[in-house]
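Peer 1: Handing you this structure, nothing more for now.
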Amino acid sequence: MIHEGTGEVVSRYKYLEGHPRQYRFDAKEGVFNINGAEKLGRTLTFQPIAWRIFTDNILNMGTKNWAELFFIDEKNCVSAVLFHGYSVDNIFRLIEPLYYDDLTLADVVITAIAEKKENNKIQPKGVYYIANFSYKMANPEKSTELKLFATDYKIFRQETLTDIANIKTAYNFYNPFSHAGAYELEPGQMPPLPPVETDADQTPA
């Protein structure tokens with residue numbers, strides 16, 4: 001869209017690079033929330049624009065299987081939500097039938113639902129929640145718009161990045177470490193893109 005003051009073309013979606021709005025799934029209570037504070041209930045519906053499924057030791061939680069999904073929320077903010085453990089297995093069960101229909105998560109609207117589980121091997125029994133997923137087809141025009149947006153921006157979350165993550169699958173996810181040069185990073189600094197060589201940079205032999 002066009003900015004009224006400057007006339008520049010700006011995105012309708014808000015995104016501070018590397019710092020998406022954080023949605024969380026509380027596996028102890030079985031509720032979704034925003035930034036650990038604003039509770040949303042037991043379901044979350046969204047259309048992914050980027051994602052990665054990976055194994056890593058992040059957020060001081062030890063090495064786990066993770067699924068990190070990025071989406072645009074109701075306030076047009078680029079947002080991210082993390083799942084781990086059995087919830088990741090359930091996401092794979094969602095990806096498989098889509099793959100055989102030549103579709104991806106970016107073509108559907110997902111509803112994540114908290115499902116109660118019990119561990120009877122301990123006393124008192126343990127109660128926890130995992131996320132189950134269902135989907136419906138998204139509006140094709142909306143899907144095209146979101147895909148174009150995701151390819152124009154570097155979609156990632158700085159807090160969950162490491163240089164040792166084992167990424168199993170990813171889509172429209174920008175990994176700054178894969179673009180880093182041979183230099184030391186300052187604490188909290190993200191690796192920049194390497195310089196792009198042009199014909200003018202090449203010296204004839």
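As shown in the structure tokens, the chain order sets the letters A, B, ...; within each chain, residues go from 1, and ligands are also counted from 1 in the order they appear.
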Can you list, as a PyMOL selection string, every protein, DNA or RNA residue that comes within 9 Å of Leu69 (chain A) when you count only C-alpha atoms, leaving out same-chain residues fewer than 6 positions away?
Peer 2: chain A and resi 48-53+79-83
Peer 1: Based on the selection just made, write C-alpha atoms of those residues as a compact mmCIF listing (two decimals), in the first residue's frame.
Peer 2:
# COMPACT_ATOMS: atom_id res chain seq x y z
CA PRO A 48 1.74 -20.18 8.04
CA ILE A 49 3.95 -17.98 5.86
CA ALA A 50 7.26 -19.57 6.89
CA TRP A 51 8.48 -22.36 9.12
CA ARG A 52 11.26 -24.70 10.10
CA ILE A 53 11.29 -28.07 11.83
CA SER A 79 4.16 -13.61 14.58
CA ALA A 80 5.78 -16.88 15.60
CA VAL A 81 4.76 -19.89 17.66
CA LEU A 82 6.90 -22.83 18.81
CA PHE A 83 5.89 -26.44 19.39
Peer 1: When distances are computed from only C-alpha atoms, which of A:Phe46, A:Phe54, A:Leu148, A:Met61 shows the smallest separation from Ser134 (chain A)?
Peer 2: A:Phe46
Peer 1: Please list as a VMD selection string every residue within 12 Å of Lys39 (chain A), counting only C-alpha atoms and excluding residues in the same chain fewer than 4 positions away.
Peer 2: chain A and resid 23 to 26 29 to 35 43 to 44
Peer 1: Figure out the distance between CA of Asn90 (chain A) and CA of Lys147 (chain A), please, to one decimal in Å.
Peer 2: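 Rounded to one decimal, the two atoms are 23.6 Å apart.
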Peer 1: Ala138 (chain A): which residues within 6 Å, counting only C-alpha atoms, same-chain residues fewer than 4 positions away excluded, as a list in words?
Peer 2: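 My reading of the contact set: Asp107, Val108 and Val109 of chain A.
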